[in-house]
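Chemist: Starting off with a structure, shown below.
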Amino acid sequence: MPPVRINVNVSAAPPPPRRKSFYFKVPNFKDLPTTRDHCVVTPEFSCNGHDWVLAIYPGGVRQATEGYVSIVLIHHSEGSATANYELSILDKVGNKKKALYSDRNFECKGECYGFKNFIKRSDILDESHNILDSNGALTVGVSIKEELSDVYVPKNPLNKMIQGMFLDEDTADVCFEVITSAEVKGEQKKAKASDLFHAHHFMLKACAPMLANLFVLDDGDGKLATATITDVKLDIFRHLLYYVYGGSVAEEDLKSHAKDIIDAADKYSIVNLKLEAEAAYVKATDITMDNAMDNLLYADAKNCALLKETVMNFLAENSTEASEKISFTDFPAHVVKDLLVAFSSNRKKDETNATEELTSLSVSALRRKLAEKGLDIDGSREAMIESIKSNL
């Protein structure tokens with residue numbers, strides 16, 4: 001009997017979607033605090049042109065069932081993003097012990113989605129499940145579906161357009177005259193140097209209100225409104241104004257001119273630039289017995305909470321030597337509480353309630369919480385804690 005011919009339409013199956021995976025070790029998991037809403041945040045990672053971080057809550061988020069660990073994915077870039085993602089926990093040999101999927105649209109920076117009841121903490125600690133490695137570390141993974149890379153989508157041009165208006169005389173309606181004085185070499189008199197910085201009042205009003213308030217606009221005369229700046233160096237004011245127009249200050253300039261930038265940004269309330277310069281100063285400065293008090297007084301005067309925390313931690317870690325070598329005559333009485341917090345944190349005690357947990361958080365962690373809630377991130381430690389507590 002001749003073979004029967006079968007007509008079929010053959011088509012190749014579409015390839016599975018590509019996914020980009022990241023894995024993180026959470027050391028000493030069993031010793032982490034289990035206070036609700038206390039989290040461990042992973043380093044930042046990138047996928048599909050956006051930055052992300054994972055937050056692991058050993059004691060769960062506030063809405064979680066008692067005894068469960070929560071894991072969430074946090075969008076860490078400006079703008080919105082859609083993510084098809086998988087969160088997973090691996091055992092000590094690298095096999096997935098549990099994985100949950102989701103597909104979410106993240107509307108803005110700081111928005112987060114995840115699973116409040118991801119896995120029971122007792123299951124992680126159960127040695128028979130072989131989840132923690134020999135050092136007690138928990139491995140957490142995230143896998144995100146990669147978008148097609150051959151489709152070009154231009155970025156929103158607004159930021160580039162705004163930066164293009166920086167110092168544009170043709171469209172400016174206000175002008176700063178920055179005047180600085182410098183001693184002439186070999187003479188006692190001072191020479192004045194000045195420069196003009198053209199700007200736009202609407203931009204200043206939105207991004208730097210204190211600078212905008214230096215002008216009195218008169219729509220009737222058609223003249224360029226001017227204001228004089230005499231307390232900021234020319235190059236520092238240029239950095240300040242460029243930042244207002246969406247620009248950034250080079251890391252080397254932040255490091256070498258940190259205090260000048262802090263002073264100017266603090267005076268004219270350019271908060272984010274002030275905090276950026278403060279972080280650069282802290283990173284570049286070694287606190288010693290010789291400079292601890294000077295840095296503390298400066299941090300207190302300029303309301304630099306991160307620098308103050310750094311000095312306090314140094315004093316707490318070197319309390320015996322500090323008591324012998326540093327004069328505390330000028331120590332501000334109102335910062336004693338900050339010093340007590342530093343001593344408490346240095347002892348690494350577990351906290352038992354939300355208020356105590358806030359008190360023990362670092363300045364950077366407090367600022368992150370405020371930013372996620374859209375609150376003002378400039379202020380003392382106490383002011384930041386009160387702001388968070390009043391907006392819980």
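In the structure tokens, the first chain shown is A, the next is B, and so on; residue numbers restart at 1 for each chain, and ligands run from 1 in the order shown.
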Please provide the set of residues having any atom within 6 Å of range 271-285 of chain A, restricted to only C-alpha atoms, with same-chain residues fewer than 4 positions apart removed, written as a JSON list (two decimals) with all heavy atoms, in the first residue's frame.

Modeler:
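Result saved to result.json:
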[["chain", "number", "residue", "atom", "x", "y", "z"],
["A", 254, "LEU", "N", 32.46, 69.31, 42.29],
["A", 254, "LEU", "CA", 31.75, 69.12, 43.56],
["A", 254, "LEU", "C", 32.75, 68.87, 44.68],
["A", 254, "LEU", "O", 32.60, 69.40, 45.79],
["A", 254, "LEU", "CB", 30.79, 67.94, 43.46],
["A", 254, "LEU", "CG", 29.43, 68.18, 42.81],
["A", 254, "LEU", "CD1", 28.69, 66.86, 42.65],
["A", 254, "LEU", "CD2", 28.59, 69.16, 43.61],
["A", 255, "LYS", "N", 33.76, 68.07, 44.39],
["A", 255, "LYS", "CA", 34.73, 67.72, 45.42],
["A", 255, "LYS", "C", 35.60, 68.93, 45.80],
["A", 255, "LYS", "O", 35.83, 69.20, 46.97],
["A", 255, "LYS", "CB", 35.62, 66.57, 44.91],
["A", 255, "LYS", "CG", 36.58, 66.04, 45.96],
["A", 255, "LYS", "CD", 37.55, 65.02, 45.35],
["A", 255, "LYS", "CE", 36.83, 63.84, 44.75],
["A", 255, "LYS", "NZ", 37.80, 62.83, 44.23],
["A", 258, "ALA", "N", 33.19, 71.98, 47.27],
["A", 258, "ALA", "CA", 32.03, 71.49, 48.01],
["A", 258, "ALA", "C", 31.46, 72.53, 48.98],
["A", 258, "ALA", "O", 30.27, 72.82, 48.96],
["A", 258, "ALA", "CB", 32.38, 70.21, 48.76],
["A", 262, "ILE", "N", 27.88, 74.32, 48.85],
["A", 262, "ILE", "CA", 26.94, 74.16, 49.97],
["A", 262, "ILE", "C", 26.47, 75.52, 50.47],
["A", 262, "ILE", "O", 25.27, 75.75, 50.69],
["A", 262, "ILE", "CB", 27.58, 73.35, 51.11],
["A", 262, "ILE", "CG1", 27.79, 71.90, 50.70],
["A", 262, "ILE", "CG2", 26.72, 73.43, 52.38],
["A", 262, "ILE", "CD1", 28.60, 71.09, 51.70],
["A", 265, "ALA", "N", 24.16, 77.16, 47.76],
["A", 265, "ALA", "CA", 22.90, 76.42, 47.61],
["A", 265, "ALA", "C", 22.04, 76.53, 48.86],
["A", 265, "ALA", "O", 20.81, 76.58, 48.78],
["A", 265, "ALA", "CB", 23.19, 74.96, 47.29]]

Chemist: Which residues, written as a ChimeraX atom specification, have at least one atom at most 10 Å from Asp330 in chain A, with only C-alpha atoms counted and residues fewer than 4 positions away on the same chain left out?

Modeler: /A:293-294,297

Chemist: Restricted to C-alpha atoms, what would the selected residues look like written as a tab-separated table (two decimals), in the first residue's frame?

Modeler:
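What follows is the written file again_2.tsv:
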chain	number	residue	atom	x	y	z
A	293	MET	CA	34.60	69.81	65.90
A	294	ASP	CA	35.05	72.25	63.00
A	297	LEU	CA	29.91	73.19	63.85

Chemist: For each of A:Leu158, A:Leu90, A:Ala64, A:Ala316, take the minimum atom-to-atom distance to Gly246 in chain A, counting only C-alpha atoms, then give the residue where this is smallest.

Modeler: A:Leu158

Chemist: Produce a table with one row for each residue of range 21-92 of chain A that has an atom at most 10 Å from any atom of range 121-134 of chain A, each row naming the nearest atom pair and its distance in Å at one decimal; use only C-alpha atoms; arrange rows by chain and rising residue number; format as JSON lines.

Modeler:
{"residue": "A:Lys25", "atom": "CA", "partner": "A:Asp133", "partner_atom": "CA", "distance": 9.7}
{"residue": "A:Val26", "atom": "CA", "partner": "A:Leu132", "partner_atom": "CA", "distance": 9.6}
{"residue": "A:Pro27", "atom": "CA", "partner": "A:Leu132", "partner_atom": "CA", "distance": 9.3}
{"residue": "A:Asn28", "atom": "CA", "partner": "A:Leu132", "partner_atom": "CA", "distance": 9.0}
{"residue": "A:Phe29", "atom": "CA", "partner": "A:Leu132", "partner_atom": "CA", "distance": 8.0}
{"residue": "A:Lys30", "atom": "CA", "partner": "A:Leu125", "partner_atom": "CA", "distance": 6.9}
{"residue": "A:Thr34", "atom": "CA", "partner": "A:Arg121", "partner_atom": "CA", "distance": 9.5}
{"residue": "A:Pro58", "atom": "CA", "partner": "A:Arg121", "partner_atom": "CA", "distance": 7.1}
{"residue": "A:Gly59", "atom": "CA", "partner": "A:Arg121", "partner_atom": "CA", "distance": 7.8}
{"residue": "A:Gly60", "atom": "CA", "partner": "A:Arg121", "partner_atom": "CA", "distance": 9.1}
{"residue": "A:Glu66", "atom": "CA", "partner": "A:Arg121", "partner_atom": "CA", "distance": 9.5}
{"residue": "A:Gly67", "atom": "CA", "partner": "A:Arg121", "partner_atom": "CA", "distance": 5.8}
{"residue": "A:Tyr68", "atom": "CA", "partner": "A:Arg121", "partner_atom": "CA", "distance": 5.5}
{"residue": "A:Val69", "atom": "CA", "partner": "A:Arg121", "partner_atom": "CA", "distance": 5.7}
{"residue": "A:Ser70", "atom": "CA", "partner": "A:Arg121", "partner_atom": "CA", "distance": 9.5}
{"residue": "A:Ile89", "atom": "CA", "partner": "A:Ile131", "partner_atom": "CA", "distance": 8.1}
{"residue": "A:Leu90", "atom": "CA", "partner": "A:Ile131", "partner_atom": "CA", "distance": 6.5}
{"residue": "A:Asp91", "atom": "CA", "partner": "A:Ile131", "partner_atom": "CA", "distance": 3.9}
{"residue": "A:Lys92", "atom": "CA", "partner": "A:Asp133", "partner_atom": "CA", "distance": 4.8}

Chemist: Using only C-alpha atoms, find the one residue out of A:Glu317, A:Ile56, A:Val363, A:Phe24 that sits nearest to Ala137 in chain A.

Modeler: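 Going through A:Glu317, A:Ile56, A:Val363, A:Phe24 one by one, the smallest distance to Ala137 in chain A is for A:Phe24.
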
Chemist: Among range 123-290 of chain A, which residues carry a DSSP assignment of strand (DSSP E or B), reported as a PyMOL selection string?

Modeler: chain A and resi 138-145+174-183+190-199+225-229

Chemist: Take the residues that were just selected and, keeping C-alpha atoms, output them as an mmCIF file, in the first residue's frame.

Modeler:
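Generated file (selection.cif):
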data_model
loop_
_atom_site.group_PDB
_atom_site.id
_atom_site.type_symbol
_atom_site.label_atom_id
_atom_site.label_comp_id
_atom_site.auth_asym_id
_atom_site.auth_seq_id
_atom_site.Cartn_x
_atom_site.Cartn_y
_atom_site.Cartn_z
ATOM 1 C CA LEU A 138 19.825 34.494 51.462
ATOM 2 C CA THR A 139 19.954 34.661 47.642
ATOM 3 C CA VAL A 140 17.203 36.761 46.065
ATOM 4 C CA GLY A 141 16.716 37.061 42.315
ATOM 5 C CA VAL A 142 14.798 39.228 39.876
ATOM 6 C CA SER A 143 14.243 38.516 36.201
ATOM 7 C CA ILE A 144 12.824 41.197 33.869
ATOM 8 C CA LYS A 145 11.598 40.661 30.315
ATOM 9 C CA VAL A 174 16.176 88.863 33.929
ATOM 10 C CA CYS A 175 19.910 89.203 34.503
ATOM 11 C CA PHE A 176 22.232 88.621 37.459
ATOM 12 C CA GLU A 177 25.326 90.743 37.869
ATOM 13 C CA VAL A 178 27.705 88.726 40.021
ATOM 14 C CA ILE A 179 30.420 90.850 41.587
ATOM 15 C CA THR A 180 33.332 89.375 43.525
ATOM 16 C CA SER A 181 36.322 90.990 45.172
ATOM 17 C CA ALA A 182 39.864 89.675 45.272
ATOM 18 C CA GLU A 183 43.018 91.157 46.743
ATOM 19 C CA LYS A 190 40.904 94.851 46.290
ATOM 20 C CA ALA A 191 40.025 94.436 42.630
ATOM 21 C CA LYS A 192 36.449 93.756 41.591
ATOM 22 C CA ALA A 193 35.436 91.228 38.972
ATOM 23 C CA SER A 194 31.935 90.888 37.608
ATOM 24 C CA ASP A 195 29.987 88.918 35.066
ATOM 25 C CA LEU A 196 26.433 88.860 33.729
ATOM 26 C CA PHE A 197 24.208 85.781 33.856
ATOM 27 C CA HIS A 198 21.025 86.055 31.787
ATOM 28 C CA ALA A 199 18.096 83.971 32.974
ATOM 29 C CA ALA A 225 15.257 93.274 35.191
ATOM 30 C CA THR A 226 18.579 93.006 37.019
ATOM 31 C CA ALA A 227 19.771 91.811 40.417
ATOM 32 C CA THR A 228 23.204 91.998 41.994
ATOM 33 C CA ILE A 229 24.928 89.049 43.687
#

Chemist: Considering only C-alpha atoms, return as JSON, numbers by chain whatever protein or nucleic-acid residues lie within 6 Å of Val53 in chain A, sequence-local ones (same chain, fewer than 2 positions apart) excluded.

Modeler: {"A": [42, 44, 74]}

Chemist: Just the residues within 10 Å of Lys223 in chain A, please, counting only C-alpha atoms, with nothing from its chain fewer than 5 positions along; format it as a ChimeraX atom specification.

Modeler: /A:173-174,217-218

Chemist: Take the residues from that selection and write them out as an mmCIF file, in the first residue's frame, keeping N, CA, C and O atoms.

Modeler:
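Just written: result.cif:
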data_model
loop_
_atom_site.group_PDB
_atom_site.id
_atom_site.type_symbol
_atom_site.label_atom_id
_atom_site.label_comp_id
_atom_site.auth_asym_id
_atom_site.auth_seq_id
_atom_site.Cartn_x
_atom_site.Cartn_y
_atom_site.Cartn_z
ATOM 1 N N ASP A 173 14.643 87.363 30.388
ATOM 2 C CA ASP A 173 13.936 88.553 30.842
ATOM 3 C C ASP A 173 14.493 89.093 32.159
ATOM 4 O O ASP A 173 14.032 90.116 32.654
ATOM 5 N N VAL A 174 15.505 88.386 32.717
ATOM 6 C CA VAL A 174 16.176 88.863 33.929
ATOM 7 C C VAL A 174 17.672 88.639 33.778
ATOM 8 O O VAL A 174 18.107 87.840 32.931
ATOM 9 N N LEU A 217 9.679 92.709 38.629
ATOM 10 C CA LEU A 217 9.387 92.809 37.204
ATOM 11 C C LEU A 217 8.384 93.913 36.922
ATOM 12 O O LEU A 217 7.391 94.087 37.640
ATOM 13 N N ASP A 218 8.665 94.682 35.886
ATOM 14 C CA ASP A 218 7.763 95.744 35.449
ATOM 15 C C ASP A 218 7.478 95.518 33.976
ATOM 16 O O ASP A 218 8.335 95.751 33.112
#

Chemist: Using only C-alpha atoms, which protein or nucleic acid residues come within 10 Å of Arg62 in chain A? Drop anything in the same chain fewer than 6 positions from it, and give the result as a list of chain:residue names.

Modeler: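 Non-adjacent residues within range: A:Thr35, A:Arg36, A:Asp37, A:His38, A:Ser70, A:Lys116.
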
Chemist: I need the residues of range 97-175 of chain A that end up classed as helix (DSSP H, G or I) by DSSP on the backbone, written out as a list of chain:residue names.

Modeler: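 Helix (DSSP H, G or I) members of range 97-175 of chain A, listed: A:Arg121, A:Ser122, A:Asp123, A:Ile124, A:Leu125, A:Glu127, A:Ser128, A:His129, A:Leu158, A:Asn159, A:Lys160, A:Met161, A:Ile162, A:Gln163, A:Gly164.
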
Chemist: Since we have the selection now, will you write its residues out, keeping N, CA, C and O atoms, as a short mmCIF file (atom, residue, chain, number, x, y, z; two decimals), in the first residue's frame?

Modeler:
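part_5.cif, written as the output of this step:
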data_model
loop_
_atom_site.label_atom_id
_atom_site.label_comp_id
_atom_site.auth_asym_id
_atom_site.auth_seq_id
_atom_site.Cartn_x
_atom_site.Cartn_y
_atom_site.Cartn_z
N ARG A 121 9.00 33.28 56.75
CA ARG A 121 10.36 33.42 57.26
C ARG A 121 10.84 32.10 57.84
O ARG A 121 12.03 31.73 57.72
N SER A 122 9.94 31.37 58.46
CA SER A 122 10.31 30.08 59.07
C SER A 122 10.77 29.08 58.02
O SER A 122 11.64 28.24 58.29
N ASP A 123 10.21 29.17 56.80
CA ASP A 123 10.64 28.27 55.73
C ASP A 123 12.08 28.59 55.31
O ASP A 123 12.86 27.68 54.98
N ILE A 124 12.41 29.88 55.31
CA ILE A 124 13.78 30.26 54.95
C ILE A 124 14.76 29.75 56.00
O ILE A 124 15.85 29.26 55.67
N LEU A 125 14.38 29.85 57.26
CA LEU A 125 15.28 29.47 58.36
C LEU A 125 15.34 27.96 58.57
O LEU A 125 16.26 27.46 59.22
N GLU A 127 16.42 24.54 58.13
CA GLU A 127 17.62 23.99 57.50
C GLU A 127 17.30 22.86 56.52
O GLU A 127 18.08 22.62 55.58
N SER A 128 16.18 22.21 56.70
CA SER A 128 15.83 21.11 55.80
C SER A 128 15.49 21.61 54.39
O SER A 128 15.51 20.84 53.44
N HIS A 129 15.19 22.91 54.28
CA HIS A 129 14.87 23.48 52.97
C HIS A 129 16.12 23.92 52.21
O HIS A 129 16.03 24.28 51.04
N LEU A 158 12.60 67.75 26.37
CA LEU A 158 12.39 68.93 27.21
C LEU A 158 13.64 69.32 27.99
O LEU A 158 14.01 70.50 28.03
N ASN A 159 14.30 68.33 28.62
CA ASN A 159 15.47 68.66 29.43
C ASN A 159 16.57 69.31 28.59
O ASN A 159 17.20 70.30 29.00
N LYS A 160 16.77 68.78 27.38
CA LYS A 160 17.79 69.34 26.49
C LYS A 160 17.40 70.75 26.06
O LYS A 160 18.25 71.65 25.96
N MET A 161 16.12 70.97 25.81
CA MET A 161 15.64 72.29 25.41
C MET A 161 15.83 73.31 26.52
O MET A 161 16.24 74.46 26.29
N ILE A 162 15.54 72.89 27.77
CA ILE A 162 15.68 73.80 28.91
C ILE A 162 17.15 74.15 29.11
O ILE A 162 17.49 75.32 29.33
N GLN A 163 18.02 73.14 29.03
CA GLN A 163 19.45 73.43 29.18
C GLN A 163 19.95 74.34 28.05
O GLN A 163 20.88 75.13 28.25
N GLY A 164 19.31 74.25 26.89
CA GLY A 164 19.68 75.12 25.78
C GLY A 164 19.33 76.58 26.03
O GLY A 164 19.87 77.48 25.37
#

Chemist: I'd like the neighbourhood of Ala383 in chain A as a VMD selection string, where a residue qualifies if any of its atoms comes within 12 Å (using only C-alpha atoms), though same-chain residues fewer than 6 positions away should be ignored.

Modeler: chain A and resid 303 305 358 to 359 363 366 to 367 370 375 to 377 389 to 390

Chemist: Could the residues in this selection be written to a file with C-alpha atoms, as a PDB file, in the first residue's frame?

Modeler:
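Saved as selection-v4.pdb:
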ATOM      1  CA  ASN A 303      21.879  72.106  58.440  1.00  0.00           C
ATOM      2  CA  ALA A 305      22.472  66.282  58.452  1.00  0.00           C
ATOM      3  CA  LEU A 358      13.009  55.708  62.469  1.00  0.00           C
ATOM      4  CA  THR A 359      15.333  57.025  65.156  1.00  0.00           C
ATOM      5  CA  VAL A 363      20.264  60.224  57.301  1.00  0.00           C
ATOM      6  CA  LEU A 366      15.460  59.018  56.138  1.00  0.00           C
ATOM      7  CA  ARG A 367      15.948  61.180  53.052  1.00  0.00           C
ATOM      8  CA  LEU A 370      10.930  61.400  52.508  1.00  0.00           C
ATOM      9  CA  LEU A 375       8.240  65.375  51.156  1.00  0.00           C
ATOM     10  CA  ASP A 376      10.978  67.956  51.763  1.00  0.00           C
ATOM     11  CA  ILE A 377      14.313  66.154  52.211  1.00  0.00           C
ATOM     12  CA  LYS A 389       5.783  60.235  61.416  1.00  0.00           C
ATOM     13  CA  SER A 390       3.186  62.905  60.604  1.00  0.00           C
TER      14      SER A 390
END

Chemist: Do a neighbour search on Gly114 in chain A at 6 Å with only C-alpha atoms, toss out local chain neighbours closer than 6 positions, and write the hits as a ChimeraX atom specification.

Modeler: /A:71-73

Chemist: CA of Ser77 in chain A and CA of Glu372 in chain A are how many Å apart?

Modeler: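 Atom-to-atom, CA of Ser77 in chain A and CA of Glu372 in chain A are spaced 12.3 Å apart.
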
Chemist: Measure the distance from CA of Ala322 in chain A to CA of Lys259 in chain A in Å and round it to one decimal.

Modeler: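 That distance, rounded to one decimal, is 24.8 Å.
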
Chemist: In Å, how far is it from CA of Val311 in chain A to CA of Ile388 in chain A?

Modeler: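 Atom-to-atom, CA of Val311 in chain A and CA of Ile388 in chain A are spaced 23.8 Å apart.
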